[in-house]
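Read the structure below first, then the notes.
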Amino acid sequence: MWSRLATFILRGRLPILLVLLVITAGMASRIDELGIRYKFGGLLPDDDPALVDYNSFLDQFGEEGNVVALGIQDDRLDSLAVFQQWWDLDAALRAVRVPVDSLRPDGTSWTVNVVDSVFGFRTAVQLTRQDDPKRFVMEPVIRVRPETQAELDSVLEQLRSLPFYKGFLHTEVGATIQMVYVNAPLFNSENRGRSVELLVEEVERFEKTTGVDVHVSGLPYIRTEVTTKIKRELGLFIGLAALVTALLLLLFFRNPVVMAVCMLVVGTGVIWSLGSIVLFDYKLTALMGLIPPLMIVIGVPNCIYLLNKYHAEFKRHGNKGLALTRMVKKVGNATFMTNATTALGFAAFMFTTSDVLQQFGVIASVNILAMFCISLIIIPAVFSWLPPPSRSHVRHLDRRWVFLVVRRLERAVSHHRRGVYVVTAVVLLLGMIGISKMRVTGNVAGDLPQEDVILADLHWFEDRFGGVMPFEVVVRTDKPGKVTQLAFLKKVERLQQVLSEEPQLSRSVSLVDGLKLAKQGFFGGNPARYSLPSRREQSFMGPYLTGMSGNSIDGDGRYVDSARTTIRVSAQVADIGTQEMNALTDRLQLRIDSIFPPEEHEVFMTGTSVVFVEGTTYLVKNLFVSLMLAVLVIATVMSILFRSARMVAISLLPNLVPLIFTAAVMGYFGIALKPSTLLVFSIAFGISVDDTIHLLAKYRQELDLHGWNMREAVLLAVRETGVSMMYTSIVLFFGFLMFFASDFEGTRALGILVSTTLLVAMLTNLVLLPSMLLGFERYITAQTFKEPLLEIIDEEEDVDLAELEVRAGLRD
């Protein structure tokens, strides 16, 4: 098959390349349509209890994560000039509009408001009792824009005396907050455009005018800024990885043409990967953003192995056609197996129940196989048109430092196998200890560096208001009207008291607070009356509450459902990690159960923060399950490839050692296991297996050519594949180090971990694996291994020499 494929590629190279060019142009034309997954989610399966509770909450009460918080802490806010600007900022934010995709009948674009409402000093209200007719009237605390300092002092004193707003709009330390409720459907769509940027521009205009610093946070703001950074860094990483890869390829091969062809292969693969995301109608996520760099990871080894074989063959006999044919037949087979096993490893993600992981598995596996096809087409086709390699172009095969390193590796394999085993055992022992120190975490802004302004503002709100991440407690009963009964409301008040004792939570709000505000209004606005109405007071206030909204103080259903069987207590939580959130919810659950017995009530905690933490935990579990499944799949493939279970067992250990080493490094250095660092194991395992298959394929060939002399076959396999492995590992080491330029700490850690793991994988495959092949020689020379699935190609009988142009030797 490989002989016919080589002939097909070389003879039909022009039409094949034209077809490849057309496909690539089509993929490139779709890249502009690449969208970003804006909403957090997609990690949990649809039937996960946490997601079921969250969706139930959304269906009943609507979107909860649509607040952008603006905070200031400056005494100048009490001055007339600054307060007037703060007042005017409210109107400026409400006026911000952005265009949407749909058009009016006259062909012009529709525009929509970015902001639904603003809640702050300007919109703060109080309830005033009106006796004819009996009702509560909602009146602004500050009726008009203050025009004198005395007027401002009076209204600020009045507002700050209202208990409802203490810890909610302002704090005792002088911090003030303004909550901007954004258009949730707009922010969850592709039409959001420059929404956040336009809001920030208005805030910056206020800062420039007044000189007062404004802190900006909130889930819509954070996720917009984070996704924008992801998209911006995607191009940065591709560019840096391509630049470093190109320079190293030029350094190794000393041939700009070779470097250009390799970059053509890699560039084509990157274009296909981005285009395929659009074709599958997927969105760009943090995981999906790793696909293009992954294509470089896959493409570079393909190029290096193919070109090294081409140069080695040409150096041997000087026949370009024969060299290209043997390159396809001998290395193409092993390269296909390495790419196929890697693709199968990533395809294991498709068997999870997480949309994000399934989509990542589909795109990764499809594009890994596509990269193999691209490599196998472009390299032989292009080099068949180029002049044969000169002597200087193949000189990299004789580099002294390379052979010195390879000879040292051979010496370790031949004479120091016991030392290799001891070092491996020590690494495994220390690795297990390090793994025990690993911790799992995951929070919305956890990957941002400590000096990032987004994180600094988030911490500002957490220190003064408890947090900005949505946190909800929902209590359900089976009796209509029960949640508005006084006994039940007192339990809700106790629940809010429990929440107030947690430093990670902000002040909570519920129907109870609205009733307290109503009682204060009923008694003439006296702050001392701000408390839950007694049964007798409720009977007095009932007509006023009914007259206000038609049925209750919560007539819009924001905190109580229409049947009055479900009540909501809203708060915000600090952006704490997985362990802290689990500890918080466990602690709260115990106290909530004591207030609302589980046999009588259904109580659950939800919100974006809770769902995100649950999704992170689920992602960690599924990635390890997927990794184990990938190991099983690859072991099965290798058993089919080599027809020897013993060989599979021996070959898997060198691939597991780098994973254990990486996990230990994370444990010892406190690098948390989270979505941004999890893929290091899948990437490292895929590349390590590639090196194993290349070495074993060459080992199998050398066995047949040297009369089953295992020692000679092992050393020859190390000698030939060692050069390519070192080139590949060095290129990928520096390529992944480019992730250190990221703004995200998790991405930086990923780059360092993958780079280090690749070097360990290279050593285990060039030292540990050969040592085990020789050390367990008696156990792996079974007849089944003598008849593998690999096609063994004879050096002299693999082509029709009559059809090839034979050159006398190398050009000078």
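Residues in the structure tokens are named by chain (A, B, ... in the order shown) and by number from 1 within that chain; ligands are numbered from 1 in the order shown.
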10 Å contact set for Ala445 of chain A, only C-alpha atoms, chain neighbours under 2 positions out, as a short mmCIF file (atom, residue, chain, number, x, y, z; two decimals) with N, CA and C atoms, in the first residue's frame:
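Output contents, as saved in part.cif:
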data_model
loop_
_atom_site.label_atom_id
_atom_site.label_comp_id
_atom_site.auth_asym_id
_atom_site.auth_seq_id
_atom_site.Cartn_x
_atom_site.Cartn_y
_atom_site.Cartn_z
N LEU A 219 -19.35 39.54 36.55
CA LEU A 219 -19.19 38.41 35.66
C LEU A 219 -19.20 38.79 34.18
N ILE A 222 -15.77 40.39 33.47
CA ILE A 222 -14.64 39.46 33.58
C ILE A 222 -14.62 38.50 32.41
N ARG A 223 -15.77 37.89 32.09
CA ARG A 223 -15.76 36.88 31.03
C ARG A 223 -15.53 37.50 29.66
N VAL A 226 -11.72 38.19 29.62
CA VAL A 226 -10.97 36.94 29.53
C VAL A 226 -11.07 36.34 28.13
N GLY A 442 -10.22 25.65 40.70
CA GLY A 442 -10.76 26.25 39.49
C GLY A 442 -11.69 27.38 39.87
N ASN A 443 -11.35 28.58 39.46
CA ASN A 443 -12.22 29.72 39.66
C ASN A 443 -12.18 30.61 38.43
N ASP A 447 -6.74 32.21 36.54
CA ASP A 447 -5.55 32.16 35.70
C ASP A 447 -4.92 33.53 35.47
N LEU A 448 -5.60 34.57 35.88
CA LEU A 448 -5.05 35.91 35.67
C LEU A 448 -3.90 36.17 36.63
N PRO A 449 -2.87 36.86 36.18
CA PRO A 449 -1.74 37.17 37.08
C PRO A 449 -2.18 38.12 38.18
N ILE A 454 -7.80 43.44 36.27
CA ILE A 454 -9.08 42.74 36.46
C ILE A 454 -9.11 42.06 37.82
N LEU A 455 -8.02 41.39 38.15
CA LEU A 455 -7.95 40.68 39.43
C LEU A 455 -7.85 41.67 40.59
N LEU A 458 -11.28 42.95 41.19
CA LEU A 458 -12.10 41.89 41.79
C LEU A 458 -11.82 41.77 43.28
N ASP A 575 -14.44 35.04 44.40
CA ASP A 575 -13.99 34.08 43.38
C ASP A 575 -13.04 33.08 44.02
N ILE A 576 -13.62 32.19 44.81
CA ILE A 576 -12.83 31.20 45.54
C ILE A 576 -12.69 29.93 44.71
N GLY A 577 -11.72 29.11 45.05
CA GLY A 577 -11.43 27.91 44.30
C GLY A 577 -12.36 26.76 44.62
N PHE A 744 -2.08 34.63 31.11
CA PHE A 744 -2.74 33.70 32.02
C PHE A 744 -1.70 32.80 32.69
#
- prompt: Could you name the residues that touch Gly434 of chain A at 10 Å or less, counting only C-alpha atoms, but leaving out those on the same chain fewer than 5 positions away, as a ChimeraX atom specification?
  reply: /A:428-429,660-670
Generate a file of the selected residues that holds N, CA and C atoms, formatted as a CSV table (one decimal), in the first residue's frame.
chain,number,residue,atom,x,y,z
A,428,LEU,N,9.9,7.4,40.1
A,428,LEU,CA,8.5,6.9,40.4
A,428,LEU,C,8.2,7.1,41.8
A,429,LEU,N,9.1,6.8,42.8
A,429,LEU,CA,8.8,7.0,44.2
A,429,LEU,C,8.6,8.4,44.5
A,660,ILE,N,3.9,10.8,35.3
A,660,ILE,CA,4.1,10.8,36.8
A,660,ILE,C,5.0,11.9,37.2
A,661,PHE,N,6.1,12.1,36.4
A,661,PHE,CA,7.0,13.2,36.7
A,661,PHE,C,6.4,14.6,36.6
A,662,THR,N,5.5,14.8,35.6
A,662,THR,CA,4.8,16.1,35.5
A,662,THR,C,3.9,16.3,36.7
A,663,ALA,N,3.1,15.2,37.0
A,663,ALA,CA,2.2,15.4,38.2
A,663,ALA,C,3.0,15.7,39.4
A,664,ALA,N,4.1,15.1,39.6
A,664,ALA,CA,5.0,15.3,40.8
A,664,ALA,C,5.5,16.8,40.8
A,665,VAL,N,5.9,17.3,39.7
A,665,VAL,CA,6.3,18.7,39.6
A,665,VAL,C,5.2,19.6,40.0
A,666,MET,N,4.0,19.3,39.5
A,666,MET,CA,2.9,20.1,39.9
A,666,MET,C,2.6,20.1,41.4
A,667,GLY,N,2.7,18.9,42.0
A,667,GLY,CA,2.5,18.8,43.4
A,667,GLY,C,3.6,19.5,44.2
A,668,TYR,N,4.9,19.3,43.9
A,668,TYR,CA,6.0,19.9,44.7
A,668,TYR,C,6.0,21.4,44.5
A,669,PHE,N,5.6,22.0,43.4
A,669,PHE,CA,5.7,23.4,43.2
A,669,PHE,C,4.4,24.1,43.3
A,670,GLY,N,3.4,23.4,43.8
A,670,GLY,CA,2.1,24.0,44.1
A,670,GLY,C,1.4,24.5,42.8
- prompt: What lies within 12 Å of Val297 of chain A using only C-alpha atoms, ignoring chain neighbours under 5 positions off, as a PyMOL selection string?
  reply: chain A and resi 238+241-242+245+265-267+269-270+290-292+302-304+339+342+364+367-368+371-372+683-684+686-688+690+728-736+754-755+758
field: Test item: residues at most 12 Å from Val613 of chain A, only C-alpha atoms, excluding those fewer than 2 positions along its chain, as a PyMOL selection string
entry: chain A and resi 40-41+43-44+50-51+440-446+469+471+575-585+606-611+615-620+674-675
Based on the selection just made, write N, CA and C atoms of those residues as a CSV table (one decimal), in the first residue's frame.
chain,number,residue,atom,x,y,z
A,40,PHE,N,-19.8,31.0,30.4
A,40,PHE,CA,-19.2,29.9,31.1
A,40,PHE,C,-20.1,28.7,31.1
A,41,GLY,N,-19.7,27.5,30.9
A,41,GLY,CA,-20.5,26.4,30.9
A,41,GLY,C,-20.1,25.4,29.9
A,43,LEU,N,-19.3,22.4,30.5
A,43,LEU,CA,-18.5,21.4,31.1
A,43,LEU,C,-19.3,20.2,31.7
A,44,LEU,N,-20.5,20.6,32.2
A,44,LEU,CA,-21.4,19.6,32.8
A,44,LEU,C,-22.4,19.0,31.9
A,50,ALA,N,-26.2,19.6,39.4
A,50,ALA,CA,-25.9,21.0,39.6
A,50,ALA,C,-26.4,21.8,38.4
A,51,LEU,N,-26.3,21.3,37.2
A,51,LEU,CA,-26.8,22.0,36.0
A,51,LEU,C,-28.3,22.0,36.0
A,440,VAL,N,-6.6,20.3,43.4
A,440,VAL,CA,-7.5,20.6,42.3
A,440,VAL,C,-8.2,21.9,42.6
A,441,THR,N,-8.2,22.9,41.7
A,441,THR,CA,-8.9,24.1,41.9
A,441,THR,C,-9.4,24.6,40.6
A,442,GLY,N,-10.2,25.6,40.7
A,442,GLY,CA,-10.8,26.2,39.5
A,442,GLY,C,-11.7,27.4,39.9
A,443,ASN,N,-11.3,28.6,39.5
A,443,ASN,CA,-12.2,29.7,39.7
A,443,ASN,C,-12.2,30.6,38.4
A,444,VAL,N,-13.2,31.5,38.3
A,444,VAL,CA,-13.4,32.2,37.1
A,444,VAL,C,-12.2,33.0,36.7
A,445,ALA,N,-11.5,33.7,37.6
A,445,ALA,CA,-10.4,34.6,37.3
A,445,ALA,C,-9.1,34.0,37.8
A,446,GLY,N,-9.0,32.7,38.1
A,446,GLY,CA,-7.9,32.1,38.7
A,446,GLY,C,-6.6,32.1,37.9
A,469,MET,N,-19.4,37.4,42.3
A,469,MET,CA,-19.9,36.2,41.6
A,469,MET,C,-21.2,35.8,42.1
A,471,PHE,N,-24.3,34.0,43.6
A,471,PHE,CA,-24.5,32.8,44.5
A,471,PHE,C,-26.0,32.9,45.0
A,575,ASP,N,-14.4,35.0,44.4
A,575,ASP,CA,-14.0,34.1,43.4
A,575,ASP,C,-13.0,33.1,44.0
A,576,ILE,N,-13.6,32.2,44.8
A,576,ILE,CA,-12.8,31.2,45.5
A,576,ILE,C,-12.7,29.9,44.7
A,577,GLY,N,-11.7,29.1,45.1
A,577,GLY,CA,-11.4,27.9,44.3
A,577,GLY,C,-12.4,26.8,44.6
A,578,THR,N,-12.1,25.6,44.0
A,578,THR,CA,-12.9,24.4,44.1
A,578,THR,C,-13.0,24.0,45.5
A,579,GLN,N,-11.9,23.8,46.2
A,579,GLN,CA,-11.9,23.3,47.6
A,579,GLN,C,-12.6,24.2,48.5
A,580,GLU,N,-12.4,25.5,48.4
A,580,GLU,CA,-13.0,26.5,49.2
A,580,GLU,C,-14.5,26.6,49.0
A,581,MET,N,-14.9,26.5,47.7
A,581,MET,CA,-16.3,26.5,47.5
A,581,MET,C,-17.0,25.3,48.0
A,582,ASN,N,-16.4,24.1,47.8
A,582,ASN,CA,-17.0,22.9,48.4
A,582,ASN,C,-17.1,23.0,49.9
A,583,ALA,N,-16.1,23.5,50.5
A,583,ALA,CA,-16.1,23.6,52.0
A,583,ALA,C,-17.2,24.6,52.4
A,584,LEU,N,-17.4,25.7,51.6
A,584,LEU,CA,-18.4,26.7,52.0
A,584,LEU,C,-19.8,26.0,51.8
A,585,THR,N,-20.1,25.4,50.7
A,585,THR,CA,-21.4,24.8,50.5
A,585,THR,C,-21.7,23.7,51.5
A,606,THR,N,-27.0,27.5,44.1
A,606,THR,CA,-26.7,27.5,42.7
A,606,THR,C,-26.1,28.9,42.3
A,607,GLY,N,-26.1,29.1,41.0
A,607,GLY,CA,-25.4,30.3,40.5
A,607,GLY,C,-24.2,30.0,39.7
A,608,THR,N,-23.8,31.0,38.9
A,608,THR,CA,-22.7,30.7,38.0
A,608,THR,C,-21.4,30.2,38.7
A,609,SER,N,-21.2,30.8,39.9
A,609,SER,CA,-20.0,30.4,40.7
A,609,SER,C,-20.1,28.9,41.0
A,610,VAL,N,-21.2,28.5,41.5
A,610,VAL,CA,-21.3,27.1,41.9
A,610,VAL,C,-21.2,26.1,40.7
A,611,VAL,N,-21.9,26.5,39.6
A,611,VAL,CA,-21.8,25.7,38.4
A,611,VAL,C,-20.4,25.6,37.9
A,615,GLY,N,-18.3,22.3,37.4
A,615,GLY,CA,-17.8,21.9,36.1
A,615,GLY,C,-16.4,21.7,36.1
A,616,THR,N,-15.6,22.4,36.9
A,616,THR,CA,-14.2,22.2,37.0
A,616,THR,C,-13.9,20.8,37.6
A,617,THR,N,-14.6,20.5,38.6
A,617,THR,CA,-14.4,19.1,39.2
A,617,THR,C,-14.8,18.0,38.3
A,618,TYR,N,-15.9,18.2,37.5
A,618,TYR,CA,-16.3,17.2,36.5
A,618,TYR,C,-15.2,17.1,35.4
A,619,LEU,N,-14.7,18.3,35.0
A,619,LEU,CA,-13.7,18.3,34.0
A,619,LEU,C,-12.4,17.5,34.4
A,620,VAL,N,-12.0,17.7,35.6
A,620,VAL,CA,-10.8,17.0,36.1
A,620,VAL,C,-11.1,15.5,36.1
A,674,LYS,N,-6.1,22.4,37.1
A,674,LYS,CA,-7.3,23.1,36.8
A,674,LYS,C,-7.5,23.0,35.2
A,675,PRO,N,-8.6,23.5,34.7
A,675,PRO,CA,-8.8,23.4,33.3
A,675,PRO,C,-7.6,23.8,32.4
Nearest to Leu169 of chain A by atom-to-atom distance, counting only C-alpha atoms, from A:Pro15, A:Gly120, A:Pro533, A:Gly707: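 Once distances to Leu169 of chain A are computed over only C-alpha atoms, the minimum belongs to A:Gly120.
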query: What gap, in Å, lies between atom CA of Leu14 of chain A and atom CA of Phe280 of chain A?
result: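 Pair atom CA of Leu14 of chain A / atom CA of Phe280 of chain A returns 29.1 Å.
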